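start28.cif, holding mmCIF, C-alpha atoms and all ligand atoms:
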data_structure
loop_
_atom_site.label_atom_id
_atom_site.label_comp_id
_atom_site.auth_asym_id
_atom_site.auth_seq_id
_atom_site.Cartn_x
_atom_site.Cartn_y
_atom_site.Cartn_z
CA MET A 1 67.25 59.13 28.11
CA THR A 2 67.26 55.61 29.57
CA GLU A 3 67.44 52.60 27.27
CA PRO A 4 63.71 51.71 27.71
CA GLU A 5 62.74 55.35 27.00
CA ARG A 6 64.87 55.35 23.81
CA ASN A 7 63.18 52.14 22.66
CA LEU A 8 59.70 53.44 23.47
CA SER A 9 60.24 56.62 21.47
CA SER A 10 61.62 54.60 18.54
CA GLY A 11 58.57 52.28 18.57
CA GLN A 12 60.74 49.24 19.42
CA PRO A 13 59.63 46.89 22.22
CA ALA A 14 61.21 48.00 25.49
CA PHE A 15 61.71 45.79 28.52
CA VAL A 16 62.42 46.36 32.18
CA ASP A 17 63.42 43.83 34.82
CA TYR A 18 60.57 42.21 36.74
CA ARG A 19 61.75 40.54 39.96
CA PRO A 20 58.90 40.28 42.48
CA ALA A 21 60.07 38.76 45.78
CA ARG A 22 59.51 35.03 45.98
CA LEU A 23 57.85 34.20 49.29
CA PRO A 24 58.49 31.08 51.35
CA ASP A 25 55.81 28.41 50.72
CA ALA A 26 54.33 28.78 54.23
CA ASP A 27 53.88 32.54 53.73
CA MET A 28 52.24 32.00 50.35
CA LEU A 29 49.75 29.60 51.88
CA ARG A 30 48.98 32.01 54.70
CA HIS A 31 48.52 34.91 52.27
CA GLY A 32 46.35 32.73 50.03
CA ARG A 33 44.06 31.80 52.91
CA ASP A 34 43.87 35.42 54.05
CA VAL A 35 42.99 36.60 50.56
CA LEU A 36 40.28 33.96 50.26
CA ALA A 37 38.80 34.83 53.66
CA ARG A 38 38.72 38.54 52.79
CA MET A 39 37.18 37.97 49.37
CA ASP A 40 34.67 35.50 50.77
CA SER A 41 33.46 38.20 53.19
CA ARG A 42 32.44 40.50 50.30
CA ARG A 43 28.75 40.85 49.60
CA SER A 44 26.71 42.90 47.17
CA VAL A 45 24.93 45.59 49.14
CA ARG A 46 21.55 47.14 48.24
CA GLN A 47 21.03 49.36 51.31
CA PHE A 48 23.59 52.12 51.73
CA SER A 49 24.36 54.69 54.41
CA PRO A 50 24.32 58.29 53.12
CA ASP A 51 27.65 58.92 54.90
CA PRO A 52 30.06 60.67 52.54
CA VAL A 53 33.05 58.79 51.11
CA PRO A 54 36.21 60.79 50.32
CA ARG A 55 36.82 61.21 46.58
CA GLU A 56 40.41 59.99 47.05
CA LEU A 57 39.18 56.49 47.94
CA ILE A 58 37.23 56.34 44.68
CA GLU A 59 40.29 57.61 42.77
CA LEU A 60 42.43 54.88 44.36
CA ALA A 61 39.89 52.18 43.47
CA ILE A 62 39.74 53.41 39.86
CA LEU A 63 43.53 53.39 39.62
CA ALA A 64 43.61 49.87 41.13
CA ALA A 65 41.02 48.72 38.57
CA SER A 66 43.02 50.32 35.81
CA THR A 67 45.98 48.02 36.59
CA ALA A 68 43.93 45.20 35.01
CA PRO A 69 45.40 43.32 32.07
CA SER A 70 43.72 44.27 28.79
CA GLY A 71 43.79 43.14 25.17
CA ALA A 72 46.83 44.77 23.47
CA HIS A 73 47.09 46.95 26.62
CA ARG A 74 44.40 49.24 25.25
CA GLN A 75 42.79 49.70 28.71
CA PRO A 76 39.40 50.14 27.01
CA TRP A 77 37.52 51.40 30.05
CA ARG A 78 36.26 54.69 31.36
CA PHE A 79 35.08 55.16 34.96
CA VAL A 80 32.54 57.95 35.33
CA ALA A 81 32.17 58.94 39.00
CA VAL A 82 29.03 60.79 40.11
CA SER A 83 28.33 62.36 43.50
CA ASP A 84 26.15 65.22 42.19
CA PRO A 85 22.72 64.66 43.82
CA VAL A 86 20.81 66.00 40.81
CA MET A 87 22.54 63.59 38.47
CA LYS A 88 22.06 60.70 40.90
CA GLN A 89 18.35 61.50 41.01
CA GLN A 90 18.17 61.53 37.19
CA ILE A 91 19.97 58.18 37.07
CA ARG A 92 17.66 56.68 39.70
CA GLU A 93 14.51 57.86 37.90
CA ALA A 94 15.71 56.56 34.52
CA ALA A 95 16.90 53.24 36.00
CA GLU A 96 13.59 52.74 37.82
CA ARG A 97 11.64 53.45 34.62
CA GLU A 98 13.59 50.70 32.83
CA GLU A 99 13.53 48.30 35.76
CA ARG A 100 9.78 48.75 36.28
CA GLU A 101 9.22 47.83 32.66
CA SER A 102 11.48 44.79 33.10
CA TYR A 103 9.98 43.54 36.37
CA GLU A 104 6.31 44.44 35.86
CA GLY A 105 5.91 45.25 32.16
CA GLY A 106 6.64 41.72 30.97
CA ARG A 107 10.10 42.47 29.58
CA MET A 108 11.86 39.98 31.86
CA PRO A 109 11.08 36.37 30.94
CA ALA A 110 9.49 34.26 33.72
CA GLU A 111 12.63 32.10 33.95
CA TRP A 112 14.78 35.16 34.71
CA LEU A 113 12.30 36.43 37.31
CA ARG A 114 12.40 32.99 38.96
CA ALA A 115 16.23 33.05 38.94
CA ILE A 116 16.44 36.38 40.78
CA ALA A 117 13.49 35.76 43.13
CA PRO A 118 15.78 34.56 45.99
CA LEU A 119 17.52 37.95 45.91
CA GLY A 120 14.28 39.75 46.77
CA THR A 121 14.93 42.61 44.33
CA ASP A 122 12.27 44.69 42.56
CA TRP A 123 12.20 47.82 40.41
CA HIS A 124 12.76 50.24 43.27
CA LYS A 125 16.37 51.45 43.38
CA PRO A 126 16.60 53.99 46.25
CA TYR A 127 20.29 53.17 46.71
CA LEU A 128 21.02 55.02 43.48
CA GLU A 129 20.36 58.21 45.44
CA THR A 130 21.41 57.12 48.93
CA ALA A 131 24.88 55.85 48.04
CA PRO A 132 27.32 58.79 48.10
CA TRP A 133 28.92 57.71 44.83
CA LEU A 134 27.77 56.09 41.61
CA VAL A 135 30.56 54.91 39.34
CA VAL A 136 29.46 53.93 35.86
CA VAL A 137 31.99 51.87 33.96
CA PHE A 138 31.90 52.30 30.21
CA GLU A 139 33.55 50.01 27.67
CA GLU A 140 35.39 51.80 24.89
CA MET A 141 34.32 49.98 21.76
CA TYR A 142 37.17 51.67 19.87
CA GLY A 143 39.77 54.31 20.69
CA PHE A 144 41.63 57.07 18.90
CA ASP A 145 45.34 57.25 18.08
CA ALA A 146 47.53 60.35 18.52
CA GLU A 147 46.27 61.75 15.17
CA GLY A 148 42.65 61.27 16.22
CA THR A 149 42.10 58.33 13.84
CA ARG A 150 39.89 55.50 15.08
CA SER A 151 41.95 52.63 16.54
CA LYS A 152 40.70 49.14 17.23
CA ASN A 153 40.34 47.79 20.76
CA TYR A 154 40.69 44.09 21.47
CA TYR A 155 38.80 41.77 23.82
CA VAL A 156 36.91 44.74 25.19
CA LYS A 157 34.35 42.82 27.29
CA GLU A 158 36.96 40.51 28.79
CA SER A 159 39.23 43.44 29.63
CA VAL A 160 36.52 45.62 31.16
CA GLY A 161 35.11 42.64 33.08
CA ILE A 162 38.50 41.99 34.66
CA ALA A 163 38.90 45.71 35.51
CA CYS A 164 35.48 45.67 37.18
CA GLY A 165 36.52 42.63 39.24
CA LEU A 166 39.60 44.47 40.46
CA PHE A 167 37.49 47.56 41.16
CA ILE A 168 35.07 45.57 43.35
CA THR A 169 37.99 43.93 45.16
CA ALA A 170 39.80 47.25 45.74
CA LEU A 171 36.64 48.82 47.19
CA HIS A 172 36.10 45.85 49.46
CA GLU A 173 39.73 45.91 50.64
CA MET A 174 39.29 49.59 51.56
CA GLY A 175 36.17 48.81 53.62
CA LEU A 176 33.63 50.11 51.11
CA ALA A 177 30.60 48.30 49.75
CA THR A 178 29.15 48.20 46.27
CA LEU A 179 26.62 46.46 44.07
CA THR A 180 27.16 45.23 40.53
CA HIS A 181 24.08 46.82 39.01
CA THR A 182 22.96 46.35 35.41
CA PRO A 183 19.62 48.07 34.83
CA SER A 184 18.55 46.90 31.43
CA PRO A 185 18.75 48.49 28.90
CA MET A 186 21.43 50.91 30.10
CA ASP A 187 21.61 53.39 27.22
CA PHE A 188 20.12 56.13 29.42
CA LEU A 189 23.47 56.29 31.26
CA ALA A 190 25.32 57.37 28.12
CA ASN A 191 22.75 60.16 27.60
CA ILE A 192 22.63 61.45 31.17
CA LEU A 193 26.42 61.33 31.51
CA GLN A 194 26.95 62.70 27.99
CA ARG A 195 29.46 60.09 26.92
CA PRO A 196 30.91 59.97 23.40
CA GLU A 197 29.61 57.45 20.88
CA ASN A 198 32.58 55.04 21.24
CA GLU A 199 31.58 54.33 24.86
CA ARG A 200 28.91 51.88 26.01
CA PRO A 201 27.64 51.53 29.58
CA PHE A 202 28.84 48.27 31.12
CA ILE A 203 28.09 48.28 34.86
CA LEU A 204 26.71 50.80 37.34
CA PHE A 205 28.30 50.63 40.79
CA PRO A 206 26.65 52.43 43.73
CA ILE A 207 29.41 52.81 46.32
CA GLY A 208 29.41 53.68 50.02
CA TYR A 209 29.12 52.11 53.44
CA PRO A 210 26.38 49.57 54.11
CA ALA A 211 23.38 51.04 55.98
CA ALA A 212 23.41 50.25 59.72
CA ASP A 213 20.46 47.89 59.15
CA ALA A 214 21.65 46.46 55.81
CA GLN A 215 20.79 42.86 55.06
CA VAL A 216 21.95 40.62 52.24
CA PRO A 217 20.32 37.51 50.78
CA MET A 218 21.44 34.21 52.29
CA ILE A 219 23.38 32.55 49.51
CA GLU A 220 25.93 29.79 49.28
CA ARG A 221 28.98 29.72 47.08
CA LYS A 222 29.83 26.64 45.05
CA PRO A 223 32.48 24.37 46.59
CA LEU A 224 35.81 23.81 44.80
CA ASP A 225 34.75 20.56 43.15
CA GLU A 226 31.87 22.35 41.38
CA VAL A 227 33.98 25.17 40.00
CA ALA A 228 37.30 23.46 39.22
CA VAL A 229 38.42 20.58 37.00
CA TRP A 230 41.94 19.21 37.30
CA HIS A 231 44.23 17.34 34.92
CA THR A 232 47.36 16.59 36.92
C1 LIG P 1 27.12 41.01 35.68
C2 LIG P 1 26.30 41.13 36.93
C3 LIG P 1 25.11 41.85 36.89
C4 LIG P 1 24.36 42.03 38.06
N1 LIG P 1 23.23 42.81 38.01
C5 LIG P 1 22.55 43.04 39.14
C6 LIG P 1 21.45 43.94 39.14
O1 LIG P 1 21.12 44.57 38.11
N2 LIG P 1 20.76 44.15 40.30
C7 LIG P 1 21.11 43.53 41.47
O2 LIG P 1 20.46 43.74 42.49
N3 LIG P 1 22.20 42.68 41.51
C8 LIG P 1 22.92 42.44 40.38
N4 LIG P 1 24.03 41.63 40.43
C9 LIG P 1 24.51 41.14 41.74
C10 LIG P 1 24.26 39.64 41.92
O3 LIG P 1 22.91 39.40 42.17
C11 LIG P 1 25.16 39.16 43.07
O4 LIG P 1 26.50 39.34 42.74
C12 LIG P 1 24.90 37.68 43.39
O5 LIG P 1 23.60 37.51 43.88
C13 LIG P 1 25.91 37.13 44.39
O6 LIG P 1 25.89 37.88 45.58
P1 LIG P 1 27.21 38.51 46.19
O7 LIG P 1 27.72 39.53 45.18
O8 LIG P 1 26.77 39.14 47.47
O9 LIG P 1 28.21 37.42 46.35
C14 LIG P 1 24.79 41.45 39.27
C15 LIG P 1 25.99 40.72 39.30
C16 LIG P 1 26.74 40.59 38.15
C17 LIG P 1 28.06 39.87 38.22
#
Show me, as structure tokens, the structure contained in the file I just sent.
Amino acid sequence: MTEPERNLSSGQPAFVDYRPARLPDADMLRHGRDVLARMDSRRSVRQFSPDPVPRELIELAILAASTAPSGAHRQPWRFVAVSDPVMKQQIREAAEREERESYEGGRMPAEWLRAIAPLGTDWHKPYLETAPWLVVVFEEMYGFDAEGTRSKNYYVKESVGIACGLFITALHEMGLATLTHTPSPMDFLANILQRPENERPFILFPIGYPAADAQVPMIERKPLDEVAVWHT
């Protein structure tokens, strides 16, 4: 048994060396600009191609997301991946029922409807069937220890939000597109996907390639001076 393994099994903190290579300043700047350019090219997509996406790509994106930092390292997330057409149809029908009520049944306040008007969305969600994969991320409100006793999770929303950010970035880096979709309320996802009571739906991600004729709303991103404050 190595020293860290001995410490882990004894419940003592265990440490390993962490020595990532330190890059020359010029390389860091180049990498930083490249990363920004790649991330700036990501857009939320609402029209998908039905072309299949290999399951391994989804597995890799989930594993990349699961590297996210999390409160007390509880990793309080569960990624439920769906390619079954019957289930996708059920999810679409349930989401459209909720969204129709929100958009047309008066559930969305006028201010909210005004805020999303530039995106041109409505209650129709065909992409929930067209996209080859739906990944529903659930937050684990609490977990279970080795004896099956309830254990507390910490900073669940923050942790799952960060994991979702990494998930979106990993998909984009692989050349896939997604949409951060939050049909409201989302309880129907827990029922259709038969999740246990400690899990709550957080975000629904349709995933695939953009349709050949996909379009995205023209939006601008805030410049640095509107998103950053400095004390130097
Ligand atoms: C938490 C969250 C919830 C969102 N919910 C929806 C949604 O339910 N439907 C939708 O069409 N877009 C949704 N979006 C996508 C935003 O509209 C989109 O990210 C924003 O317009 C910026 O566009 P971009 O992602 O292409 O940069 C959501 C985004 C976030 C972060």
Pick from A:Ile168, A:Met141, A:Ala163, A:Val229, whichever lies nearest to Pro196 in chain A using all atoms listed in the file: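 Comparing A:Ile168, A:Met141, A:Ala163, A:Val229 against Pro196 in chain A, the winner is A:Met141.
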Can you list every residue of chain A that has an atom at most 7 Å from ligand LIG 1 (chain P), with its nearest atom pair and the distance in Å to one decimal, using all atoms listed in the file, ordered by chain then number, as JSON lines?
{"residue": "A:Arg42", "atom": "CA", "partner": "P:LIG1", "partner_atom": "O8", "distance": 6.5}
{"residue": "A:Arg43", "atom": "CA", "partner": "P:LIG1", "partner_atom": "O8", "distance": 3.4}
{"residue": "A:Ser44", "atom": "CA", "partner": "P:LIG1", "partner_atom": "O8", "distance": 3.8}
{"residue": "A:Val45", "atom": "CA", "partner": "P:LIG1", "partner_atom": "O8", "distance": 6.9}
{"residue": "A:Arg46", "atom": "CA", "partner": "P:LIG1", "partner_atom": "O2", "distance": 6.8}
{"residue": "A:Leu119", "atom": "CA", "partner": "P:LIG1", "partner_atom": "O5", "distance": 6.4}
{"residue": "A:Thr121", "atom": "CA", "partner": "P:LIG1", "partner_atom": "O2", "distance": 5.9}
{"residue": "A:Leu179", "atom": "CA", "partner": "P:LIG1", "partner_atom": "C9", "distance": 6.2}
{"residue": "A:Thr180", "atom": "CA", "partner": "P:LIG1", "partner_atom": "C14", "distance": 4.6}
{"residue": "A:His181", "atom": "CA", "partner": "P:LIG1", "partner_atom": "O1", "distance": 3.8}
{"residue": "A:Thr182", "atom": "CA", "partner": "P:LIG1", "partner_atom": "O1", "distance": 3.7}
{"residue": "A:Pro183", "atom": "CA", "partner": "P:LIG1", "partner_atom": "O1", "distance": 5.0}
{"residue": "A:Val216", "atom": "CA", "partner": "P:LIG1", "partner_atom": "O8", "distance": 6.9}
Val82 in chain A surroundings by only C-alpha atoms, 8 Å radius, close-in-sequence under 5 positions cut, as a VMD selection string: chain A and resid 87 to 88 133 to 135
Counting all atoms listed in the file, the residue of A:Glu158, A:Asp187, A:Glu129, A:Glu111 that sits nearest Glu93 in chain A: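 Comparing A:Glu158, A:Asp187, A:Glu129, A:Glu111 against Glu93 in chain A, the winner is A:Glu129.
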Two-atom distance - CA of Gln75 in chain A, CA of Leu193 in chain A (Å): 20.3 Å
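Closest approach to Ser83 in chain A from the set A:Ala190, A:Ile58, A:Leu171, A:Met218 is made by A:Ile58, with distances taken over only C-alpha atoms.
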Long-range neighbours of Asn191 in chain A as an mmCIF file with C-alpha atoms, in the frame of the given file, 12 Å cut-off, only C-alpha atoms, 4 positions minimum in chain:
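Contents of the output file part-v2.cif:
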data_model
loop_
_atom_site.group_PDB
_atom_site.id
_atom_site.type_symbol
_atom_site.label_atom_id
_atom_site.label_comp_id
_atom_site.auth_asym_id
_atom_site.auth_seq_id
_atom_site.Cartn_x
_atom_site.Cartn_y
_atom_site.Cartn_z
ATOM 1 C CA MET A 87 22.540 63.590 38.470
ATOM 2 C CA GLN A 90 18.170 61.530 37.190
ATOM 3 C CA ILE A 91 19.970 58.180 37.070
ATOM 4 C CA ALA A 94 15.710 56.560 34.520
ATOM 5 C CA MET A 186 21.430 50.910 30.100
ATOM 6 C CA ASP A 187 21.610 53.390 27.220
ATOM 7 C CA ARG A 195 29.460 60.090 26.920
ATOM 8 C CA PRO A 196 30.910 59.970 23.400
ATOM 9 C CA GLU A 197 29.610 57.450 20.880
ATOM 10 C CA GLU A 199 31.580 54.330 24.860
ATOM 11 C CA ARG A 200 28.910 51.880 26.010
ATOM 12 C CA PRO A 201 27.640 51.530 29.580
#
Shell around Ser151 in chain A at 10 Å using all atoms listed in the file, local window under 5 positions removed, as a VMD selection string: chain A and resid 74 141 to 146
Which residue of A:His231, A:Trp77, A:His172, A:Gln12 approaches Val160 in chain A most closely, using all atoms listed in the file: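 When distances to Val160 in chain A are compared using all atoms listed in the file, the smallest one comes from A:Trp77.
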Top pick for closest residue to Tyr154 in chain A, considering A:Ala81, A:Asp51, A:Ala21, A:His73 and counting all atoms listed in the file: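 Closest to Tyr154 in chain A, using all atoms listed in the file: A:His73.
Distances to Glu173 in chain A were evaluated for A:Ala26, A:Ala110, A:Ile219, A:Ala37 using only C-alpha atoms, and the minimum falls at A:Ala37.
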Between CA of His124 in chain A and CA of Val137 in chain A, distance in Å (one decimal):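 For CA of His124 in chain A relative to CA of Val137 in chain A, the distance reads 21.4 Å.
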